[in-house]
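Enquirer: Okay, so here is work17.cif, and as you'll see once you scroll down, it has mmCIF, C-alpha atoms.
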```
data_my_file
loop_
_atom_site.label_atom_id
_atom_site.label_comp_id
_atom_site.auth_asym_id
_atom_site.auth_seq_id
_atom_site.Cartn_x
_atom_site.Cartn_y
_atom_site.Cartn_z
CA MET A 1312 0.00 0.00 0.00
CA GLU A 1313 2.80 2.38 1.03
CA MET A 1314 4.55 1.50 -2.20
CA ILE A 1315 1.50 2.26 -4.39
CA ILE A 1316 1.01 5.67 -2.74
CA THR A 1317 4.65 6.61 -3.28
CA ILE A 1318 4.62 5.52 -6.90
CA ALA A 1319 1.27 7.17 -7.70
CA SER A 1320 2.19 10.51 -6.10
CA GLY A 1321 5.63 10.41 -7.68
CA PHE A 1322 4.04 9.84 -11.09
CA PHE A 1323 1.64 12.78 -10.70
CA ILE A 1324 4.32 15.18 -9.44
CA LEU A 1325 6.72 14.15 -12.20
CA VAL A 1326 4.15 14.65 -14.96
CA GLY A 1327 3.07 17.95 -13.37
CA SER A 1328 6.66 19.17 -13.27
CA PHE A 1329 7.12 18.19 -16.91
CA LEU A 1330 4.01 20.20 -17.86
CA CYS A 1331 5.21 23.25 -15.90
CA PHE A 1332 8.59 22.93 -17.61
CA SER A 1333 6.89 22.72 -21.02
CA GLY A 1334 4.92 25.84 -20.18
CA GLY A 1335 8.18 27.66 -19.46
CA ILE A 1336 9.72 26.44 -22.73
CA GLY A 1337 6.61 27.59 -24.62
CA LEU A 1338 6.87 31.00 -23.00
CA ILE A 1339 10.29 31.41 -24.61
CA ARG A 1340 9.63 29.67 -27.92
CA PHE A 1341 6.33 31.18 -29.01
CA PRO A 1342 6.51 34.29 -31.21
CA ASP A 1343 4.25 36.93 -29.65
CA PHE A 1344 2.35 38.01 -26.55
CA TYR A 1345 -0.93 36.20 -27.21
CA THR A 1346 0.59 32.86 -28.12
CA ARG A 1347 2.88 33.01 -25.09
CA MET A 1348 -0.19 33.38 -22.93
CA HIS A 1349 -1.46 30.01 -24.16
CA ALA A 1350 1.77 28.38 -23.00
CA VAL A 1351 1.22 29.81 -19.51
CA GLY A 1352 -2.25 28.22 -19.58
CA VAL A 1353 -0.64 24.79 -19.42
CA THR A 1354 1.29 25.68 -16.26
CA ASP A 1355 -1.84 27.19 -14.74
CA THR A 1356 -4.20 24.28 -15.19
CA LEU A 1357 -2.85 20.80 -15.59
CA GLY A 1358 0.71 21.56 -14.43
CA ALA A 1359 -0.29 22.98 -11.05
CA GLY A 1360 -3.25 20.58 -10.88
CA MET A 1361 -1.18 17.42 -11.23
CA VAL A 1362 1.48 18.56 -8.74
CA LEU A 1363 -1.31 19.29 -6.24
CA VAL A 1364 -3.03 15.95 -6.89
CA GLY A 1365 0.30 14.23 -6.27
CA LEU A 1366 0.63 16.06 -2.96
CA MET A 1367 -2.99 15.19 -2.07
CA ILE A 1368 -2.20 11.49 -2.43
CA LEU A 1369 0.73 11.97 0.00
CA SER A 1370 -1.26 14.06 2.50
CA PRO A 1371 -1.40 12.46 5.98
CA ASP A 1372 -4.84 13.70 7.11
CA LEU A 1373 -8.05 15.36 6.03
CA LEU A 1374 -7.00 18.90 6.98
CA VAL A 1375 -3.94 18.95 4.73
CA PHE A 1376 -6.00 17.37 1.96
CA ALA A 1377 -8.71 20.02 2.29
CA LYS A 1378 -6.16 22.83 2.17
CA LEU A 1379 -4.64 21.42 -1.01
CA VAL A 1380 -8.12 21.23 -2.55
CA MET A 1381 -8.63 24.91 -1.65
CA VAL A 1382 -5.32 25.86 -3.26
CA LEU A 1383 -6.32 23.94 -6.41
CA LEU A 1384 -9.73 25.63 -6.64
CA LEU A 1385 -8.18 29.08 -6.09
CA THR A 1386 -5.57 28.43 -8.80
CA LEU A 1387 -8.30 27.39 -11.23
CA LEU A 1388 -10.26 30.58 -10.50
CA ILE A 1389 -7.34 33.02 -10.49
CA GLY A 1390 -5.50 31.61 -13.54
CA PRO A 1391 -8.12 32.45 -16.18
CA THR A 1392 -9.01 35.76 -14.51
CA THR A 1393 -5.45 37.08 -14.68
CA SER A 1394 -4.94 35.74 -18.24
CA HIS A 1395 -8.12 37.47 -19.34
CA VAL A 1396 -7.20 40.78 -17.69
CA LEU A 1397 -3.74 40.70 -19.28
CA ALA A 1398 -5.16 39.91 -22.71
CA LYS A 1399 -7.85 42.54 -22.45
CA ALA A 1400 -5.38 45.23 -21.36
CA ALA A 1401 -3.05 44.38 -24.24
CA PHE A 1402 -5.89 44.29 -26.76
CA HIS A 1403 -7.42 47.60 -25.72
CA ASN A 1404 -4.05 49.31 -25.84
CA GLY A 1405 -3.70 48.33 -29.47
CA LEU A 1406 -1.40 45.30 -29.41
CA MET A 1407 -2.41 43.05 -32.30
CA PRO A 1408 -1.38 39.44 -32.87
CA GLN A 1409 1.60 39.27 -35.24
CA GLN A 1410 0.19 36.78 -37.69
CA LEU A 1411 -2.96 38.73 -38.46
CA LYS A 1412 -3.22 40.19 -41.96
CA ARG A 1413 -3.29 43.97 -42.22
CA SER A 1414 -6.89 44.10 -43.53
CA GLU A 1415 -8.21 41.88 -40.74
CA GLN A 1416 -6.56 44.10 -38.13
CA ILE A 1417 -8.22 47.20 -39.53
CA ASP A 1418 -11.54 45.40 -39.61
CA ILE A 1419 -11.35 44.42 -35.94
CA ILE A 1420 -10.09 47.85 -34.81
CA LYS A 1421 -12.87 49.57 -36.73
CA ASN A 1422 -15.52 47.35 -35.15
CA LYS A 1423 -14.07 48.04 -31.72
CA ASP A 1424 -14.14 51.82 -32.24
CA ASP A 1425 -17.74 51.71 -33.47
CA LYS A 1426 -18.76 49.78 -30.41
CA GLU A 1427 -17.01 52.19 -28.04
CA LYS A 1428 -18.76 55.09 -29.75
CA THR A 1429 -22.21 53.55 -29.45
CA SER A 1430 -21.65 52.55 -25.84
CA SER A 1431 -20.51 56.07 -24.89
CA HIS A 1432 -23.61 57.58 -26.53
CA SER A 1433 -26.09 55.35 -24.81
CA MET B 457 -32.24 34.40 3.82
CA LYS B 458 -31.07 31.20 2.19
CA HIS B 459 -28.09 33.09 0.72
CA THR B 460 -27.07 34.27 4.19
CA LEU B 461 -27.36 30.70 5.48
CA SER B 462 -25.30 29.44 2.55
CA LEU B 463 -22.57 32.03 3.21
CA PHE B 464 -22.57 31.08 6.91
CA ILE B 465 -22.13 27.38 6.13
CA THR B 466 -19.41 28.07 3.55
CA LEU B 467 -17.46 30.29 5.96
CA SER B 468 -17.84 27.78 8.82
CA VAL B 469 -16.55 24.88 6.73
CA PHE B 470 -13.69 27.08 5.44
CA TRP B 471 -12.77 28.13 8.99
CA LEU B 472 -12.97 24.62 10.46
CA LEU B 473 -10.84 23.10 7.69
CA ASN B 474 -8.22 25.84 7.96
CA SER B 475 -8.04 25.89 11.75
CA GLY B 476 -7.69 22.32 12.98
CA HIS B 477 -8.02 23.44 16.65
CA TYR B 478 -11.31 22.60 18.33
CA SER B 479 -11.13 24.03 21.89
CA LEU B 480 -14.11 26.07 23.07
CA LEU B 481 -12.23 29.40 23.09
CA ILE B 482 -10.95 29.03 19.53
CA LEU B 483 -14.35 27.85 18.27
CA SER B 484 -16.17 30.81 19.82
CA LEU B 485 -13.61 33.24 18.38
CA GLY B 486 -14.15 31.65 14.99
CA PHE B 487 -17.90 31.96 15.36
CA ALA B 488 -17.55 35.63 16.31
CA SER B 489 -15.41 36.37 13.26
CA ILE B 490 -17.90 34.61 10.97
CA VAL B 491 -20.75 36.69 12.38
CA LEU B 492 -18.66 39.84 11.86
CA ILE B 493 -18.02 38.88 8.22
CA LEU B 494 -21.73 38.20 7.71
CA PHE B 495 -22.55 41.62 9.12
CA ILE B 496 -20.01 43.37 6.87
CA ALA B 497 -21.23 41.43 3.82
CA TYR B 498 -24.81 42.42 4.69
CA LYS B 499 -23.80 46.08 4.98
CA MET B 500 -21.97 45.89 1.66
CA ASP B 501 -25.07 44.32 0.10
CA VAL B 502 -23.12 41.50 -1.53
CA ILE B 503 -25.16 38.57 -0.20
CA ASP B 504 -27.18 37.71 -3.27
CA GLN B 505 -27.49 35.07 -5.95
CA GLU B 506 -24.36 36.40 -7.65
CA SER B 507 -22.00 35.62 -4.78
CA GLN B 508 -23.95 32.51 -3.68
CA PRO B 509 -25.04 30.84 -6.93
CA LEU B 510 -27.42 28.35 -5.34
CA HIS B 511 -29.75 28.38 -8.32
CA LEU B 512 -27.17 26.68 -10.53
CA SER B 513 -28.55 23.21 -10.82
CA PRO B 514 -26.61 20.07 -9.79
CA ASP B 515 -25.81 19.78 -13.51
CA ILE B 516 -22.81 22.02 -12.81
CA PHE B 517 -20.90 18.97 -11.51
CA GLY B 518 -21.53 17.11 -14.74
CA TYR B 519 -20.36 20.18 -16.65
CA LEU B 520 -17.20 20.44 -14.49
CA ALA B 521 -16.37 16.79 -15.16
CA TRP B 522 -16.77 17.39 -18.90
CA LEU B 523 -14.67 20.57 -18.63
CA VAL B 524 -11.82 18.73 -16.85
CA LYS B 525 -11.81 16.17 -19.67
CA GLU B 526 -11.63 18.98 -22.27
CA ILE B 527 -8.84 20.74 -20.34
CA VAL B 528 -6.74 17.57 -20.26
CA LYS B 529 -7.21 17.08 -24.00
CA ALA B 530 -6.36 20.75 -24.73
CA ASN B 531 -3.26 20.54 -22.49
CA ILE B 532 -1.92 17.57 -24.43
CA THR B 533 -2.45 19.44 -27.72
CA VAL B 534 -0.75 22.63 -26.51
CA VAL B 535 2.23 20.78 -25.00
CA LYS B 536 2.62 18.89 -28.28
CA HIS B 537 2.73 22.18 -30.21
CA ILE B 538 5.17 23.74 -27.70
CA TRP B 539 7.64 20.99 -28.46
CA LEU B 540 6.92 21.04 -32.21
CA GLY B 541 7.82 24.75 -32.34
CA LYS B 542 6.27 27.81 -33.85
CA GLN B 543 5.96 26.51 -37.41
CA SER B 544 3.18 24.20 -36.28
CA ILE B 545 0.87 26.80 -34.74
CA SER B 546 -1.77 28.91 -36.50
CA PRO B 547 -2.84 31.76 -34.16
CA THR B 548 -6.27 33.24 -34.85
CA LEU B 549 -8.36 36.10 -33.51
CA LYS B 550 -12.08 35.82 -34.05
CA LYS B 551 -15.48 36.91 -32.81
CA ILE B 552 -17.82 34.17 -31.69
CA ASN B 553 -21.54 34.46 -31.03
CA ILE B 554 -22.80 33.35 -27.64
CA SER B 555 -26.28 32.17 -26.77
CA GLN B 556 -26.29 32.73 -22.98
CA GLN B 557 -28.79 35.25 -21.61
CA THR B 558 -27.70 35.71 -17.98
CA ASP B 559 -24.49 37.32 -16.74
CA MET B 560 -23.66 34.14 -14.82
CA GLY B 561 -23.88 32.03 -17.99
CA LYS B 562 -21.69 34.44 -19.94
CA VAL B 563 -19.05 34.50 -17.20
CA ILE B 564 -19.01 30.70 -16.95
CA TYR B 565 -18.60 30.40 -20.71
CA ALA B 566 -15.85 33.06 -20.96
CA ASN B 567 -13.98 31.59 -17.99
CA SER B 568 -14.23 28.08 -19.42
CA ILE B 569 -12.74 29.34 -22.69
CA THR B 570 -9.84 31.00 -20.90
CA LEU B 571 -9.29 28.04 -18.58
CA THR B 572 -8.84 25.73 -21.57
CA PRO B 573 -5.22 26.12 -22.75
CA GLY B 574 -5.03 27.23 -26.37
CA THR B 575 -7.98 29.62 -26.23
CA VAL B 576 -8.25 32.94 -24.37
CA ALA B 577 -11.36 35.11 -24.17
CA ILE B 578 -10.21 38.68 -24.76
CA ASP B 579 -13.39 40.72 -24.70
CA LEU B 580 -17.04 40.10 -23.90
CA THR B 581 -19.92 42.18 -25.22
CA GLU B 582 -23.69 41.70 -25.23
CA ASN B 583 -23.86 38.69 -27.51
CA GLU B 584 -20.38 38.06 -28.82
CA ILE B 585 -16.98 37.25 -27.46
CA ILE B 586 -13.53 37.90 -28.97
CA VAL B 587 -11.36 34.81 -28.71
CA HIS B 588 -7.68 34.35 -29.45
CA ALA B 589 -6.70 30.77 -30.21
CA LEU B 590 -3.37 29.03 -30.72
CA LEU B 591 -4.80 26.84 -33.49
CA VAL B 592 -7.51 27.44 -36.08
CA LYS B 593 -8.90 24.04 -35.07
CA ASP B 594 -9.71 25.33 -31.56
CA ILE B 595 -11.75 28.22 -32.95
CA GLU B 596 -13.62 25.83 -35.21
CA SER B 597 -14.53 23.55 -32.33
CA LEU B 598 -15.76 26.57 -30.33
CA GLU B 599 -17.86 27.67 -33.30
CA ALA B 600 -19.36 24.21 -33.54
CA GLY B 601 -20.81 25.19 -30.17
CA GLU B 602 -20.70 22.15 -27.91
CA MET B 603 -19.36 24.12 -24.92
CA ASP B 604 -21.79 26.98 -25.65
CA HIS B 605 -24.69 24.55 -25.68
CA ARG B 606 -23.66 22.89 -22.42
CA VAL B 607 -23.30 26.24 -20.60
CA THR B 608 -26.70 27.39 -21.89
CA LEU B 609 -28.27 24.24 -20.46
CA LEU B 610 -26.87 25.21 -17.02
CA GLU B 611 -28.82 28.46 -16.98
CA ARG B 612 -32.23 26.96 -16.38
#
```
Please, can you express the file's structure as structure tokens?
Expert:
Amino acid sequence: MEMIITIASGFFILVGSFLCFSGGIGLIRFPDFYTRMHAVGVTDTLGAGMVLVGLMILSPDLLVFAKLVMVLLLTLLIGPTTSHVLAKAAFHNGLMPQQLKRSEQIDIIKNKDDKEKTSSHS
Amino acid sequence: MKHTLSLFITLSVFWLLNSGHYSLLILSLGFASIVLILFIAYKMDVIDQESQPLHLSPDIFGYLAWLVKEIVKANITVVKHIWLGKQSISPTLKKINISQQTDMGKVIYANSITLTPGTVAIDLTENEIIVHALLVKDIESLEAGEMDHRVTLLER
């Protein structure tokens, strides 16, 4: 039994570490701001999740287990919120994804301006 | 009233699980702090169905299970493309129509999109959402609307 717990938790923590590492590599390898954000998504969700699940298997009692569950839930709530705020701030300050064609960019910017105008009038 | 009760139970469970000490003095101090928090929350007028979403049906657990499955699949895809390098990705920015009516439904949908690696919700308006995706395939699967449909079902 002891053996199974050690192996299972070791497996989860190892895979989680690999995913976090991959997220870091992606952060460096991807070309622009928006694509880099997707790489961070891996670290946020499954990377942190699997490390925490591995620790949950090792946890000696209910209290430690419950605290790890709380940390996991908080990570899953905070991760997307911060990603969204970052993306929204970048987008509204005019940073466009690199790969977009010139005409598409103008199209999206124009739509955005129209919407801001109508919302300020109403 | 039921929202106040729900907040009380949530705070009590949170306090008990974080404390781990069960002597009378500590318990009564905990109770006093919970009552204080309830009073402040009442004064701030934040005890409502938005902070205590009791009306979300038990279906939310089924949805969460499905979402975890999708997140695992998306993670595997993104990690694969991280190691394949930037020639293999096809970033896209696109507007997607949403069918949710309530604020809660829209927030759940936008957060689910952002939580799934490979897609980030950038902006949310009345009935459309701007999404940036790592792969064109991800946008197409969002447009097919399975996630949208499942979130809309939660609203009733």
Enquirer: Under the rule that only C-alpha atoms are counted, which of B:Ser544, B:Gln505, B:Thr608, B:Ser555 is the nearest residue to chain A?
Expert: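 The answer is B:Ser544, which sits nearest to chain A.
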Enquirer: Once the PyMOL selection byres ((chain B and resi 576-588) around 10) is applied to the coordinates I shared, what remains selected? I want it as a count of residues only.
Expert: 52
Enquirer: Write out as a ChimeraX atom specification which residues come within 9 Å of Leu472 in chain B when counting only C-alpha atoms, dropping same-chain ones fewer than 5 positions away.
Expert: /A:1374 /B:467,477-478,483,486
Enquirer: Where does the PyMOL selection byres ((chain A and resi 1339) around 12) land in this file, that is, which residues does it pick, as a VMD selection string?
Expert: (chain A and resid 1332 to 1338 1340 to 1344 1346 to 1351) or (chain B and resid 538 to 539 541 to 542)
Enquirer: Once the PyMOL selection byres ((chain B and resi 468) around 12) is applied to the coordinates I shared, what remains selected? I want it as JSON, numbers by chain.
Expert: {"B": [461, 462, 463, 464, 465, 466, 467, 469, 470, 471, 472, 473, 474, 475, 483, 484, 485, 486, 487, 488, 489, 490, 491, 493, 494]}
Enquirer: I'd like the interatomic distance between CA of Ala600 in chain B and CA of Gly1358 in chain A, to a tenth of an Å.
Expert: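 The value is 27.8 Å.
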Enquirer: Which value, in Å to one decimal, gives the distance between CA of Phe1376 in chain A and CA of Cys1331 in chain A?
Expert: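 Taking CA of Phe1376 in chain A and CA of Cys1331 in chain A, their separation equals 21.9 Å.
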Enquirer: Hey, can you check how far CA of Leu510 in chain B sits from CA of Val524 in chain B?
Expert: 21.6 Å
Enquirer: Tell me, as an mmCIF file with C-alpha atoms, in the frame of the given file, which residues lie within 12 Å of Pro509 in chain B, counting all atoms listed in the file; anything in the same chain fewer than 2 positions away does not count.
Expert:
```cif
data_model
loop_
_atom_site.group_PDB
_atom_site.id
_atom_site.type_symbol
_atom_site.label_atom_id
_atom_site.label_comp_id
_atom_site.auth_asym_id
_atom_site.auth_seq_id
_atom_site.Cartn_x
_atom_site.Cartn_y
_atom_site.Cartn_z
ATOM 1 C CA LYS B 458 -31.070 31.200 2.190
ATOM 2 C CA HIS B 459 -28.090 33.090 0.720
ATOM 3 C CA THR B 460 -27.070 34.270 4.190
ATOM 4 C CA SER B 462 -25.300 29.440 2.550
ATOM 5 C CA LEU B 463 -22.570 32.030 3.210
ATOM 6 C CA ILE B 503 -25.160 38.570 -0.200
ATOM 7 C CA ASP B 504 -27.180 37.710 -3.270
ATOM 8 C CA GLN B 505 -27.490 35.070 -5.950
ATOM 9 C CA GLU B 506 -24.360 36.400 -7.650
ATOM 10 C CA SER B 507 -22.000 35.620 -4.780
ATOM 11 C CA HIS B 511 -29.750 28.380 -8.320
ATOM 12 C CA LEU B 512 -27.170 26.680 -10.530
ATOM 13 C CA SER B 513 -28.550 23.210 -10.820
ATOM 14 C CA PRO B 514 -26.610 20.070 -9.790
ATOM 15 C CA ILE B 516 -22.810 22.020 -12.810
ATOM 16 C CA ASP B 559 -24.490 37.320 -16.740
ATOM 17 C CA MET B 560 -23.660 34.140 -14.820
ATOM 18 C CA GLY B 561 -23.880 32.030 -17.990
ATOM 19 C CA ILE B 564 -19.010 30.700 -16.950
ATOM 20 C CA LEU B 610 -26.870 25.210 -17.020
ATOM 21 C CA GLU B 611 -28.820 28.460 -16.980
#
```
Enquirer: Given all atoms listed in the file as the basis, pick out the residue of A:Ile1368, A:Leu1379, A:Val1353, A:Met1361 nearest to Ile532 in chain B.
Expert: A:Val1353
Enquirer: Pick from B:Met500, B:Met457, B:Val607, B:Leu540: nearest to Asp515 in chain B, with all atoms listed in the file counted?
Expert: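 So, comparing all the options, the nearest one is B:Val607.
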Enquirer: Using only C-alpha atoms, find the one residue out of B:Gln543, B:Asn531, B:Thr558, B:Ser597 that sits nearest to chain A.
Expert: B:Asn531
Enquirer: Could you please fill out range 1374-1392 of chain A with N, CA and C atoms and send it back as an mmCIF file, keeping the file's coordinate frame?
Expert:
```cif
data_model
loop_
_atom_site.group_PDB
_atom_site.id
_atom_site.type_symbol
_atom_site.label_atom_id
_atom_site.label_comp_id
_atom_site.auth_asym_id
_atom_site.auth_seq_id
_atom_site.Cartn_x
_atom_site.Cartn_y
_atom_site.Cartn_z
ATOM 1 N N LEU A 1374 -7.192 17.449 6.984
ATOM 2 C CA LEU A 1374 -7.000 18.900 6.980
ATOM 3 C C LEU A 1374 -6.045 19.328 5.881
ATOM 4 N N VAL A 1375 -4.915 18.616 5.774
ATOM 5 C CA VAL A 1375 -3.940 18.950 4.730
ATOM 6 C C VAL A 1375 -4.569 18.763 3.364
ATOM 7 N N PHE A 1376 -5.323 17.661 3.217
ATOM 8 C CA PHE A 1376 -6.000 17.370 1.960
ATOM 9 C C PHE A 1376 -6.938 18.511 1.576
ATOM 10 N N ALA A 1377 -7.743 18.965 2.576
ATOM 11 C CA ALA A 1377 -8.710 20.020 2.290
ATOM 12 C C ALA A 1377 -8.009 21.307 1.881
ATOM 13 N N LYS A 1378 -6.867 21.613 2.523
ATOM 14 C CA LYS A 1378 -6.160 22.830 2.170
ATOM 15 C C LYS A 1378 -5.623 22.749 0.750
ATOM 16 N N LEU A 1379 -5.137 21.565 0.369
ATOM 17 C CA LEU A 1379 -4.640 21.420 -1.010
ATOM 18 C C LEU A 1379 -5.768 21.583 -2.008
ATOM 19 N N VAL A 1380 -6.979 21.052 -1.661
ATOM 20 C CA VAL A 1380 -8.120 21.230 -2.550
ATOM 21 C C VAL A 1380 -8.438 22.704 -2.712
ATOM 22 N N MET A 1381 -8.375 23.467 -1.574
ATOM 23 C CA MET A 1381 -8.630 24.910 -1.650
ATOM 24 C C MET A 1381 -7.625 25.599 -2.560
ATOM 25 N N VAL A 1382 -6.340 25.240 -2.416
ATOM 26 C CA VAL A 1382 -5.320 25.860 -3.260
ATOM 27 C C VAL A 1382 -5.623 25.573 -4.725
ATOM 28 N N LEU A 1383 -6.021 24.317 -5.018
ATOM 29 C CA LEU A 1383 -6.320 23.940 -6.410
ATOM 30 C C LEU A 1383 -7.485 24.765 -6.957
ATOM 31 N N LEU A 1384 -8.558 24.880 -6.167
ATOM 32 C CA LEU A 1384 -9.730 25.630 -6.640
ATOM 33 C C LEU A 1384 -9.366 27.100 -6.866
ATOM 34 N N LEU A 1385 -8.576 27.680 -5.925
ATOM 35 C CA LEU A 1385 -8.180 29.080 -6.090
ATOM 36 C C LEU A 1385 -7.345 29.268 -7.351
ATOM 37 N N THR A 1386 -6.395 28.320 -7.593
ATOM 38 C CA THR A 1386 -5.570 28.430 -8.800
ATOM 39 C C THR A 1386 -6.450 28.417 -10.039
ATOM 40 N N LEU A 1387 -7.448 27.507 -10.042
ATOM 41 C CA LEU A 1387 -8.300 27.390 -11.230
ATOM 42 C C LEU A 1387 -9.172 28.615 -11.423
ATOM 43 N N LEU A 1388 -9.470 29.349 -10.333
ATOM 44 C CA LEU A 1388 -10.260 30.580 -10.500
ATOM 45 C C LEU A 1388 -9.386 31.761 -10.888
ATOM 46 N N ILE A 1389 -8.176 31.850 -10.277
ATOM 47 C CA ILE A 1389 -7.340 33.020 -10.490
ATOM 48 C C ILE A 1389 -6.644 32.971 -11.838
ATOM 49 N N GLY A 1390 -6.214 31.765 -12.273
ATOM 50 C CA GLY A 1390 -5.500 31.610 -13.540
ATOM 51 C C GLY A 1390 -6.203 32.278 -14.703
ATOM 52 N N PRO A 1391 -7.429 31.844 -15.033
ATOM 53 C CA PRO A 1391 -8.120 32.450 -16.180
ATOM 54 C C PRO A 1391 -8.417 33.929 -15.980
ATOM 55 N N THR A 1392 -8.697 34.347 -14.734
ATOM 56 C CA THR A 1392 -9.010 35.760 -14.510
ATOM 57 C C THR A 1392 -7.815 36.636 -14.877
#
```
